Amino acid sequence: MPATTQTYLNAIANRRTIYDLTPKLPQNVSVEDIQAVVQAIIKNTPTALNSQENRAIIVTGKTHKKVWDAVINSIPGENGKKRPISARDEAYGCVIFFTEQNTIKKFQQDFPAAADAFPVAASHTTGAAQINSWTALETMGLGCHLQHYNDAVRAALGNLVPESWTVNSQLCFGSIVIPAGEKTFIDNPIKIYN
Ligand SMILES: Cc1cc2nc3c(=O)[nH]c(=O)nc-3n(C[C@H](O)[C@H](O)[C@H](O)COP(=O)(O)O)c2cc1C
C-alpha cells in the first residue's frame, strides 16, 4: 500500500470521540489554522452536481459561550444539560456545519426529476464534510466530539448567518485531557465478488 494511503487510513482510524477537553489549542495550532483546514474541506468535499451547499462557521470565545448557554437553557432538567455544559466550558470552540437551502431549492427546480434526491445528497455531503473536518482536526492534535443541538444553536445564531442556512451539527474541539478509550468492532468483512 502506498505510504500516503496508509497515512490517510491512520488519520481515519485515529479520529475518535473525545469528550474530556480543556479550552485551549495545542501550542502549534491557531484558530486561523483550523479555519484554513475547514475552508479547504468545505471547498473540496464533493456535492451532488457540484451544487456546493455546504457551509460552516467557527465559534470561539463569547460567541461559543453564547451558543452553548442558549443550548443549556433550552434543555429542561439537569441531566440533559451535562453535555452542553461540558461543550461550553471544556471545548475551545466548535465548527458549526450548515446546508444552504436556497441552493437545494434551485437544483430541485432545475432538475425536477431528481428533486427528492437533493436533500438526501445534501445530508450525505454535510456528513462527509463533518467527518473530514473531525479527522483533520484530530491530525492537528485537537480532541473533538460531534453534537446535534441544531434547533437551539440555530436560534442562538440569529442573523449571524443567513436565514437559508440550516444547522446540521456542532464539532466541538479543544485540547485533549483524556484520550478516547478502546473501541470494539463487529466482524464486517468487505468481500470481493468476481
Ligand atoms: C453521524 C454521527 C452522529 C453522531 N452524533 C453524536 C451526538 O449527537 N452526540 C455525541 O455525543 N456523539 C455523537 N456521535 C459520536 C458517536 O457516538 C461516535 O462516533 C461513535 O460512538 C464511535 O466512537 P468514535 O467517534 O470514538 O469512533 C455521532 C457520530 C456520528 C458519526
# chains A, B, ... in the order shown; residues from 1 in each chain; ligands from 1
call {"tool": "residues_near_ligand", "arguments": {"ligand": "ligand 1", "cutoff": "8 Å", "atoms": "only C-alpha atoms and all ligand atoms", "output": "ChimeraX atom specification"}}
result
/A:13,15-19,83,127,131,145-149,169,180-181,183
call {"tool": "write_last_selection", "arguments": {"atoms": "all heavy atoms", "output": "short mmCIF file (atom, residue, chain, number, x, y, z; two decimals), in the first residue's frame"}}
result
data_model
loop_
_atom_site.label_atom_id
_atom_site.label_comp_id
_atom_site.auth_asym_id
_atom_site.auth_seq_id
_atom_site.Cartn_x
_atom_site.Cartn_y
_atom_site.Cartn_z
N ALA A 13 -8.52 6.14 11.18
CA ALA A 13 -8.61 5.26 12.37
C ALA A 13 -8.39 6.05 13.66
O ALA A 13 -8.97 5.72 14.70
CB ALA A 13 -7.60 4.13 12.25
N ARG A 15 -9.25 9.14 14.27
CA ARG A 15 -10.35 10.07 14.60
C ARG A 15 -11.27 9.40 15.61
O ARG A 15 -11.79 8.34 15.36
CB ARG A 15 -11.15 10.42 13.33
CG ARG A 15 -12.33 11.37 13.61
CD ARG A 15 -13.60 10.90 12.92
NE ARG A 15 -13.86 9.51 13.15
CZ ARG A 15 -14.42 8.99 14.27
NH1 ARG A 15 -14.80 9.77 15.24
NH2 ARG A 15 -14.59 7.67 14.41
N ARG A 16 -11.42 10.00 16.76
CA ARG A 16 -12.25 9.41 17.80
C ARG A 16 -13.09 10.51 18.47
O ARG A 16 -12.82 11.69 18.31
CB ARG A 16 -11.37 8.73 18.87
CG ARG A 16 -10.56 7.54 18.36
CD ARG A 16 -11.41 6.36 17.95
NE ARG A 16 -12.41 5.98 18.94
CZ ARG A 16 -12.16 5.26 20.02
NH1 ARG A 16 -10.95 4.76 20.23
NH2 ARG A 16 -13.11 4.98 20.89
N THR A 17 -14.10 10.05 19.19
CA THR A 17 -14.88 10.97 20.03
C THR A 17 -14.12 11.20 21.32
O THR A 17 -13.86 10.24 22.05
CB THR A 17 -16.26 10.35 20.33
OG1 THR A 17 -17.00 10.26 19.11
CG2 THR A 17 -17.02 11.19 21.34
N ILE A 18 -13.77 12.44 21.59
CA ILE A 18 -13.01 12.77 22.80
C ILE A 18 -13.78 13.85 23.55
O ILE A 18 -13.89 15.00 23.08
CB ILE A 18 -11.57 13.20 22.44
CG1 ILE A 18 -10.88 12.06 21.69
CG2 ILE A 18 -10.80 13.59 23.71
CD1 ILE A 18 -9.52 12.38 21.13
N TYR A 19 -14.37 13.44 24.68
CA TYR A 19 -15.21 14.37 25.44
C TYR A 19 -14.40 15.18 26.46
O TYR A 19 -14.81 16.27 26.82
CB TYR A 19 -16.30 13.60 26.18
CG TYR A 19 -17.36 12.98 25.29
CD1 TYR A 19 -17.54 11.61 25.25
CD2 TYR A 19 -18.18 13.78 24.50
CE1 TYR A 19 -18.52 11.03 24.44
CE2 TYR A 19 -19.17 13.22 23.69
CZ TYR A 19 -19.33 11.85 23.67
OH TYR A 19 -20.30 11.28 22.87
N ARG A 83 -23.85 17.49 28.84
CA ARG A 83 -23.01 17.53 27.63
C ARG A 83 -22.83 18.97 27.13
O ARG A 83 -21.70 19.39 26.87
CB ARG A 83 -23.58 16.61 26.55
CG ARG A 83 -22.76 16.54 25.29
CD ARG A 83 -21.43 15.81 25.49
NE ARG A 83 -21.59 14.41 25.75
CZ ARG A 83 -20.81 13.69 26.58
NH1 ARG A 83 -19.82 14.25 27.22
NH2 ARG A 83 -21.02 12.40 26.76
N GLY A 127 -22.38 15.28 5.97
CA GLY A 127 -21.74 14.24 6.79
C GLY A 127 -20.28 14.04 6.39
O GLY A 127 -19.41 13.93 7.25
N ILE A 131 -17.11 14.74 8.87
CA ILE A 131 -16.14 13.70 9.29
C ILE A 131 -14.76 14.01 8.73
O ILE A 131 -13.75 13.77 9.40
CB ILE A 131 -16.69 12.30 8.95
CG1 ILE A 131 -17.91 12.06 9.85
CG2 ILE A 131 -15.63 11.22 9.18
CD1 ILE A 131 -18.67 10.79 9.60
N HIS A 145 -15.56 16.29 19.66
CA HIS A 145 -16.78 15.46 19.71
C HIS A 145 -17.87 16.17 18.93
O HIS A 145 -17.87 17.40 18.81
CB HIS A 145 -17.21 15.12 21.15
CG HIS A 145 -17.44 16.30 22.05
ND1 HIS A 145 -18.66 16.90 22.18
CD2 HIS A 145 -16.60 16.96 22.89
CE1 HIS A 145 -18.57 17.87 23.07
NE2 HIS A 145 -17.33 17.95 23.51
N LEU A 146 -18.78 15.36 18.38
CA LEU A 146 -19.79 15.87 17.46
C LEU A 146 -21.15 15.94 18.17
O LEU A 146 -21.58 14.94 18.76
CB LEU A 146 -19.89 14.93 16.25
CG LEU A 146 -20.75 15.41 15.08
CD1 LEU A 146 -20.10 16.60 14.39
CD2 LEU A 146 -20.96 14.28 14.08
N GLN A 147 -21.80 17.09 18.10
CA GLN A 147 -23.09 17.28 18.76
C GLN A 147 -24.16 17.75 17.78
O GLN A 147 -23.83 18.25 16.69
CB GLN A 147 -22.94 18.29 19.91
CG GLN A 147 -21.94 17.86 20.97
CD GLN A 147 -22.31 16.52 21.61
OE1 GLN A 147 -23.49 16.20 21.77
NE2 GLN A 147 -21.30 15.73 21.97
N HIS A 148 -25.44 17.61 18.22
CA HIS A 148 -26.58 17.92 17.33
C HIS A 148 -27.68 18.69 18.06
O HIS A 148 -28.83 18.26 18.08
CB HIS A 148 -27.15 16.62 16.74
CG HIS A 148 -26.18 15.94 15.83
ND1 HIS A 148 -25.26 15.03 16.29
CD2 HIS A 148 -25.95 16.09 14.51
CE1 HIS A 148 -24.52 14.63 15.29
NE2 HIS A 148 -24.91 15.25 14.19
N TYR A 149 -27.31 19.80 18.66
CA TYR A 149 -28.32 20.65 19.31
C TYR A 149 -28.76 21.71 18.29
O TYR A 149 -28.64 22.92 18.51
CB TYR A 149 -27.71 21.27 20.58
CG TYR A 149 -27.36 20.24 21.61
CD1 TYR A 149 -26.07 19.73 21.71
CD2 TYR A 149 -28.32 19.76 22.49
CE1 TYR A 149 -25.74 18.77 22.66
CE2 TYR A 149 -28.01 18.79 23.45
CZ TYR A 149 -26.72 18.30 23.52
OH TYR A 149 -26.41 17.36 24.47
N SER A 169 -24.83 20.23 12.52
CA SER A 169 -24.10 19.67 13.67
C SER A 169 -23.10 20.68 14.21
O SER A 169 -22.83 21.71 13.58
CB SER A 169 -23.35 18.39 13.27
OG SER A 169 -22.25 18.73 12.45
N ALA A 180 -9.43 9.00 23.94
CA ALA A 180 -10.53 8.04 23.78
C ALA A 180 -10.10 6.66 24.27
O ALA A 180 -8.93 6.28 24.13
CB ALA A 180 -10.92 7.96 22.30
N GLY A 181 -11.06 5.93 24.81
CA GLY A 181 -10.77 4.55 25.25
C GLY A 181 -10.78 3.59 24.07
O GLY A 181 -10.95 4.00 22.91
N LYS A 183 -12.00 0.87 21.42
CA LYS A 183 -13.26 0.75 20.69
C LYS A 183 -13.40 -0.68 20.20
O LYS A 183 -12.42 -1.28 19.78
CB LYS A 183 -13.19 1.73 19.50
CG LYS A 183 -14.44 1.91 18.71
CD LYS A 183 -14.23 3.02 17.66
CE LYS A 183 -15.32 3.08 16.66
NZ LYS A 183 -15.05 4.10 15.62
#
call {"tool": "select_by_dssp", "arguments": {"residues": "stretch 67-121 of chain A", "states": "strand (DSSP E)", "output": "ChimeraX atom specification"}}
result
/A:93-100
call {"tool": "write_last_selection", "arguments": {"atoms": "all heavy atoms", "output": "PDB file, in the first residue's frame"}}
result
ATOM      1  N   GLY A  93     -13.794  25.760  21.179  1.00  0.00           N
ATOM      2  CA  GLY A  93     -14.734  26.308  20.198  1.00  0.00           C
ATOM      3  C   GLY A  93     -15.429  25.182  19.490  1.00  0.00           C
ATOM      4  O   GLY A  93     -15.267  24.003  19.854  1.00  0.00           O
ATOM      5  N   CYS A  94     -16.205  25.522  18.502  1.00  0.00           N
ATOM      6  CA  CYS A  94     -16.775  24.463  17.669  1.00  0.00           C
ATOM      7  C   CYS A  94     -16.951  24.945  16.240  1.00  0.00           C
ATOM      8  O   CYS A  94     -17.062  26.149  15.973  1.00  0.00           O
ATOM      9  CB  CYS A  94     -18.054  23.877  18.245  1.00  0.00           C
ATOM     10  SG  CYS A  94     -19.359  25.022  18.537  1.00  0.00           S
ATOM     11  N   VAL A  95     -16.917  23.977  15.347  1.00  0.00           N
ATOM     12  CA  VAL A  95     -17.251  24.219  13.946  1.00  0.00           C
ATOM     13  C   VAL A  95     -18.734  23.885  13.817  1.00  0.00           C
ATOM     14  O   VAL A  95     -19.153  22.800  14.221  1.00  0.00           O
ATOM     15  CB  VAL A  95     -16.445  23.307  12.991  1.00  0.00           C
ATOM     16  CG1 VAL A  95     -16.718  23.699  11.535  1.00  0.00           C
ATOM     17  CG2 VAL A  95     -14.963  23.348  13.305  1.00  0.00           C
ATOM     18  N   ILE A  96     -19.501  24.825  13.298  1.00  0.00           N
ATOM     19  CA  ILE A  96     -20.928  24.559  13.078  1.00  0.00           C
ATOM     20  C   ILE A  96     -21.128  24.355  11.575  1.00  0.00           C
ATOM     21  O   ILE A  96     -20.691  25.190  10.768  1.00  0.00           O
ATOM     22  CB  ILE A  96     -21.795  25.716  13.612  1.00  0.00           C
ATOM     23  CG1 ILE A  96     -21.477  25.954  15.099  1.00  0.00           C
ATOM     24  CG2 ILE A  96     -23.288  25.394  13.424  1.00  0.00           C
ATOM     25  CD1 ILE A  96     -22.230  27.118  15.724  1.00  0.00           C
ATOM     26  N   PHE A  97     -21.762  23.246  11.241  1.00  0.00           N
ATOM     27  CA  PHE A  97     -21.975  22.884   9.835  1.00  0.00           C
ATOM     28  C   PHE A  97     -23.421  23.178   9.441  1.00  0.00           C
ATOM     29  O   PHE A  97     -24.354  22.897  10.203  1.00  0.00           O
ATOM     30  CB  PHE A  97     -21.681  21.394   9.618  1.00  0.00           C
ATOM     31  CG  PHE A  97     -20.237  21.059   9.811  1.00  0.00           C
ATOM     32  CD1 PHE A  97     -19.755  20.694  11.066  1.00  0.00           C
ATOM     33  CD2 PHE A  97     -19.339  21.144   8.752  1.00  0.00           C
ATOM     34  CE1 PHE A  97     -18.418  20.404  11.256  1.00  0.00           C
ATOM     35  CE2 PHE A  97     -17.995  20.856   8.937  1.00  0.00           C
ATOM     36  CZ  PHE A  97     -17.535  20.488  10.198  1.00  0.00           C
ATOM     37  N   PHE A  98     -23.578  23.703   8.232  1.00  0.00           N
ATOM     38  CA  PHE A  98     -24.892  24.102   7.718  1.00  0.00           C
ATOM     39  C   PHE A  98     -25.092  23.555   6.303  1.00  0.00           C
ATOM     40  O   PHE A  98     -24.137  23.255   5.594  1.00  0.00           O
ATOM     41  CB  PHE A  98     -24.986  25.623   7.570  1.00  0.00           C
ATOM     42  CG  PHE A  98     -24.680  26.417   8.801  1.00  0.00           C
ATOM     43  CD1 PHE A  98     -23.371  26.729   9.138  1.00  0.00           C
ATOM     44  CD2 PHE A  98     -25.711  26.887   9.609  1.00  0.00           C
ATOM     45  CE1 PHE A  98     -23.081  27.488  10.272  1.00  0.00           C
ATOM     46  CE2 PHE A  98     -25.431  27.652  10.737  1.00  0.00           C
ATOM     47  CZ  PHE A  98     -24.122  27.954  11.066  1.00  0.00           C
ATOM     48  N   THR A  99     -26.381  23.543   5.897  1.00  0.00           N
ATOM     49  CA  THR A  99     -26.735  23.371   4.486  1.00  0.00           C
ATOM     50  C   THR A  99     -27.446  24.635   4.036  1.00  0.00           C
ATOM     51  O   THR A  99     -28.362  25.117   4.718  1.00  0.00           O
ATOM     52  CB  THR A  99     -27.665  22.160   4.301  1.00  0.00           C
ATOM     53  OG1 THR A  99     -26.967  20.992   4.726  1.00  0.00           O
ATOM     54  CG2 THR A  99     -28.077  21.997   2.833  1.00  0.00           C
ATOM     55  N   GLU A 100     -27.026  25.175   2.891  1.00  0.00           N
ATOM     56  CA  GLU A 100     -27.642  26.385   2.345  1.00  0.00           C
ATOM     57  C   GLU A 100     -28.863  25.953   1.517  1.00  0.00           C
ATOM     58  O   GLU A 100     -28.721  25.369   0.437  1.00  0.00           O
ATOM     59  CB  GLU A 100     -26.612  27.148   1.498  1.00  0.00           C
ATOM     60  CG  GLU A 100     -26.925  28.618   1.354  1.00  0.00           C
ATOM     61  CD  GLU A 100     -28.100  28.856   0.415  1.00  0.00           C
ATOM     62  OE1 GLU A 100     -27.963  28.569  -0.783  1.00  0.00           O
ATOM     63  OE2 GLU A 100     -29.158  29.320   0.907  1.00  0.00           O
TER      64      GLU A 100
END
call {"tool": "residues_around", "arguments": {"residues": "A:Ala122", "least_positions_apart": "3", "cutoff": "12 Å", "atoms": "only C-alpha atoms", "output": "compact mmCIF listing (two decimals) with N, CA, C and O atoms, in the first residue's frame"}}
result
# COMPACT_ATOMS: atom_id res chain seq x y z
N THR A 45 -14.84 18.94 -0.45
CA THR A 45 -15.77 17.82 -0.25
C THR A 45 -16.82 17.89 -1.35
O THR A 45 -17.47 18.92 -1.53
N PRO A 46 -17.01 16.83 -2.10
CA PRO A 46 -17.90 16.91 -3.26
C PRO A 46 -19.37 17.02 -2.87
O PRO A 46 -19.78 16.58 -1.79
N THR A 47 -20.14 17.63 -3.78
CA THR A 47 -21.59 17.78 -3.60
C THR A 47 -22.28 17.31 -4.88
O THR A 47 -21.65 17.30 -5.95
N ALA A 48 -23.55 16.94 -4.77
CA ALA A 48 -24.28 16.42 -5.94
C ALA A 48 -24.32 17.49 -7.04
O ALA A 48 -24.70 18.64 -6.78
N LEU A 49 -23.91 17.12 -8.23
CA LEU A 49 -23.86 18.03 -9.38
C LEU A 49 -23.06 19.30 -9.08
O LEU A 49 -23.33 20.37 -9.61
N ASN A 50 -22.11 19.17 -8.17
CA ASN A 50 -21.28 20.31 -7.74
C ASN A 50 -22.15 21.47 -7.24
O ASN A 50 -21.87 22.64 -7.51
N SER A 51 -23.19 21.11 -6.49
CA SER A 51 -24.16 22.12 -6.04
C SER A 51 -23.62 23.03 -4.93
O SER A 51 -24.09 24.16 -4.76
N GLN A 52 -22.65 22.57 -4.16
CA GLN A 52 -21.90 23.42 -3.21
C GLN A 52 -22.78 24.10 -2.16
O GLN A 52 -22.71 25.31 -1.98
N GLU A 53 -23.57 23.27 -1.46
CA GLU A 53 -24.44 23.81 -0.43
C GLU A 53 -23.84 23.72 0.98
O GLU A 53 -24.47 24.17 1.94
N ASN A 54 -22.65 23.15 1.11
CA ASN A 54 -22.06 23.05 2.44
C ASN A 54 -21.56 24.41 2.91
O ASN A 54 -20.93 25.15 2.14
N ARG A 55 -21.84 24.74 4.16
CA ARG A 55 -21.34 25.97 4.79
C ARG A 55 -20.84 25.60 6.17
O ARG A 55 -21.30 24.61 6.77
N PHE A 97 -21.76 23.25 11.24
CA PHE A 97 -21.98 22.88 9.83
C PHE A 97 -23.42 23.18 9.44
O PHE A 97 -24.35 22.90 10.20
N PHE A 98 -23.58 23.70 8.23
CA PHE A 98 -24.89 24.10 7.72
C PHE A 98 -25.09 23.55 6.30
O PHE A 98 -24.14 23.25 5.59
N THR A 99 -26.38 23.54 5.90
CA THR A 99 -26.74 23.37 4.49
C THR A 99 -27.45 24.64 4.04
O THR A 99 -28.36 25.12 4.72
N GLU A 100 -27.03 25.17 2.89
CA GLU A 100 -27.64 26.38 2.34
C GLU A 100 -28.86 25.95 1.52
O GLU A 100 -28.72 25.37 0.44
N GLN A 101 -30.06 26.24 2.04
CA GLN A 101 -31.28 25.65 1.48
C GLN A 101 -31.70 26.26 0.15
O GLN A 101 -32.37 25.59 -0.65
N ASN A 102 -31.33 27.50 -0.14
CA ASN A 102 -31.71 28.09 -1.44
C ASN A 102 -31.03 27.34 -2.58
O ASN A 102 -31.59 27.21 -3.68
N THR A 103 -29.82 26.86 -2.31
CA THR A 103 -29.10 26.07 -3.33
C THR A 103 -29.87 24.78 -3.62
O THR A 103 -30.03 24.39 -4.79
N ILE A 104 -30.35 24.14 -2.55
CA ILE A 104 -31.11 22.89 -2.74
C ILE A 104 -32.36 23.19 -3.57
O ILE A 104 -32.67 22.46 -4.53
N LYS A 105 -33.07 24.26 -3.20
CA LYS A 105 -34.31 24.61 -3.93
C LYS A 105 -34.02 24.86 -5.40
O LYS A 105 -34.76 24.41 -6.28
N PHE A 107 -31.56 23.70 -7.29
CA PHE A 107 -31.26 22.45 -8.00
C PHE A 107 -32.52 21.59 -8.16
O PHE A 107 -32.69 20.91 -9.17
N GLN A 108 -33.43 21.67 -7.20
CA GLN A 108 -34.70 20.92 -7.32
C GLN A 108 -35.53 21.48 -8.47
O GLN A 108 -36.17 20.72 -9.21
N ALA A 115 -35.65 15.86 -7.88
CA ALA A 115 -35.94 16.79 -6.76
C ALA A 115 -35.79 16.12 -5.40
O ALA A 115 -35.23 16.72 -4.47
N ASP A 116 -36.28 14.89 -5.30
CA ASP A 116 -36.22 14.21 -3.99
C ASP A 116 -34.79 13.85 -3.59
O ASP A 116 -34.52 13.61 -2.40
N ALA A 117 -33.93 13.75 -4.58
CA ALA A 117 -32.56 13.28 -4.29
C ALA A 117 -31.68 14.37 -3.66
O ALA A 117 -30.73 14.04 -2.95
N PHE A 118 -31.99 15.64 -3.92
CA PHE A 118 -31.07 16.70 -3.47
C PHE A 118 -30.97 16.82 -1.95
O PHE A 118 -29.85 16.94 -1.42
N PRO A 119 -32.10 16.78 -1.22
CA PRO A 119 -31.94 16.85 0.25
C PRO A 119 -31.17 15.65 0.81
O PRO A 119 -30.42 15.78 1.76
N THR A 125 -23.44 14.86 1.92
CA THR A 125 -22.23 15.67 1.75
C THR A 125 -21.89 16.46 3.02
O THR A 125 -20.71 16.65 3.34
N THR A 126 -22.91 16.87 3.78
CA THR A 126 -22.55 17.54 5.04
C THR A 126 -21.89 16.52 5.98
O THR A 126 -20.93 16.85 6.68
N GLY A 127 -22.38 15.28 5.97
CA GLY A 127 -21.74 14.24 6.79
C GLY A 127 -20.28 14.04 6.39
O GLY A 127 -19.41 13.93 7.25
N ALA A 128 -20.05 14.04 5.09
CA ALA A 128 -18.66 13.88 4.62
C ALA A 128 -17.80 15.06 5.08
O ALA A 128 -16.67 14.86 5.56
N ALA A 129 -18.34 16.27 4.96
CA ALA A 129 -17.58 17.46 5.39
C ALA A 129 -17.31 17.43 6.89
O ALA A 129 -16.22 17.80 7.35
N THR A 166 -29.40 26.06 7.26
CA THR A 166 -29.92 25.19 8.33
C THR A 166 -28.75 24.46 9.01
O THR A 166 -27.79 24.06 8.35
N ASN A 168 -26.64 21.60 10.82
CA ASN A 168 -26.54 20.14 10.81
C ASN A 168 -25.85 19.56 12.03
O ASN A 168 -26.20 18.46 12.48
call {"tool": "atom_distance", "arguments": {"atom1": "atom CA of A:Lys191", "atom2": "atom CA of A:Pro2"}}
result
21.5 Å
call {"tool": "closest_residue", "arguments": {"among": "A:Trp165, A:Lys65, A:Ser175, A:Thr135", "to": "A:Gln27", "atoms": "only C-alpha atoms"}}
result
A:Ser175
call {"tool": "select_by_dssp", "arguments": {"residues": "chain A", "states": "alpha helix (DSSP H)", "output": "ChimeraX atom specification"}}
result
/A:3-14,31-44,61-74,82-90,101-110,117-139,150-157
call {"tool": "residues_around", "arguments": {"residues": "A:Phe173", "least_positions_apart": "5", "cutoff": "12 Å", "atoms": "only C-alpha atoms", "output": "VMD selection string"}}
result
chain A and resid 16 to 26 31 34 58 to 60 64 86 to 96 133 to 138 140 to 147
call {"tool": "residues_around", "arguments": {"residues": "A:Asp151", "least_positions_apart": "4", "cutoff": "9 Å", "atoms": "only C-alpha atoms", "output": "MDAnalysis selection string"}}
result
chainID A and resid 71 155:156 166:167
call {"tool": "closest_residue", "arguments": {"among": "A:Trp68, A:Gln109, A:Ile57, A:Met1", "to": "A:Glu32", "atoms": "only C-alpha atoms"}}
result
A:Ile57
call {"tool": "closest_residue", "arguments": {"among": "A:Pro179, A:Gly174, A:Pro189, A:Pro84", "to": "A:Val67", "atoms": "only C-alpha atoms"}}
result
A:Pro84
call {"tool": "decode", "arguments": {"residues": "stretch 163-177 of chain A", "atoms": "N, CA, C and O atoms", "output": "tab-separated table (two decimals), in the first residue's frame"}}
result
chain	number	residue	atom	x	y	z
A	163	GLU	N	-30.52	33.38	6.80
A	163	GLU	CA	-31.69	32.60	7.20
A	163	GLU	C	-31.76	31.25	6.49
A	163	GLU	O	-32.31	30.28	7.01
A	164	SER	N	-31.22	31.20	5.26
A	164	SER	CA	-31.32	29.98	4.45
A	164	SER	C	-30.33	28.89	4.90
A	164	SER	O	-30.31	27.82	4.30
A	165	TRP	N	-29.50	29.18	5.90
A	165	TRP	CA	-28.55	28.16	6.37
A	165	TRP	C	-29.19	27.35	7.50
A	165	TRP	O	-29.45	27.90	8.57
A	166	THR	N	-29.40	26.06	7.26
A	166	THR	CA	-29.92	25.19	8.33
A	166	THR	C	-28.75	24.46	9.01
A	166	THR	O	-27.79	24.06	8.35
A	167	VAL	N	-28.88	24.29	10.31
A	167	VAL	CA	-27.77	23.73	11.09
A	167	VAL	C	-27.81	22.20	11.05
A	167	VAL	O	-28.86	21.60	11.26
A	168	ASN	N	-26.64	21.60	10.82
A	168	ASN	CA	-26.54	20.14	10.81
A	168	ASN	C	-25.85	19.56	12.03
A	168	ASN	O	-26.20	18.46	12.48
A	169	SER	N	-24.83	20.23	12.52
A	169	SER	CA	-24.10	19.67	13.67
A	169	SER	C	-23.10	20.68	14.21
A	169	SER	O	-22.83	21.71	13.58
A	170	GLN	N	-22.57	20.33	15.38
A	170	GLN	CA	-21.53	21.12	16.01
A	170	GLN	C	-20.36	20.19	16.33
A	170	GLN	O	-20.54	19.20	17.05
A	171	LEU	N	-19.19	20.50	15.77
A	171	LEU	CA	-17.97	19.73	16.06
A	171	LEU	C	-17.18	20.53	17.10
A	171	LEU	O	-16.55	21.54	16.77
A	172	CYS	N	-17.27	20.05	18.36
A	172	CYS	CA	-16.61	20.77	19.47
A	172	CYS	C	-15.14	20.35	19.51
A	172	CYS	O	-14.83	19.16	19.38
A	173	PHE	N	-14.24	21.31	19.72
A	173	PHE	CA	-12.81	20.97	19.74
A	173	PHE	C	-12.09	21.68	20.88
A	173	PHE	O	-12.50	22.76	21.32
A	174	GLY	N	-11.01	21.05	21.32
A	174	GLY	CA	-10.17	21.63	22.36
A	174	GLY	C	-8.94	20.75	22.53
A	174	GLY	O	-8.68	19.87	21.70
A	175	SER	N	-8.18	21.00	23.59
A	175	SER	CA	-7.02	20.15	23.85
A	175	SER	C	-7.46	18.93	24.65
A	175	SER	O	-8.37	19.00	25.48
A	176	ILE	N	-6.78	17.83	24.38
A	176	ILE	CA	-7.20	16.54	24.96
A	176	ILE	C	-6.73	16.42	26.41
A	176	ILE	O	-5.55	16.61	26.70
A	177	VAL	N	-7.69	16.10	27.29
A	177	VAL	CA	-7.35	15.82	28.70
A	177	VAL	C	-7.24	14.30	28.87
A	177	VAL	O	-6.25	13.80	29.40
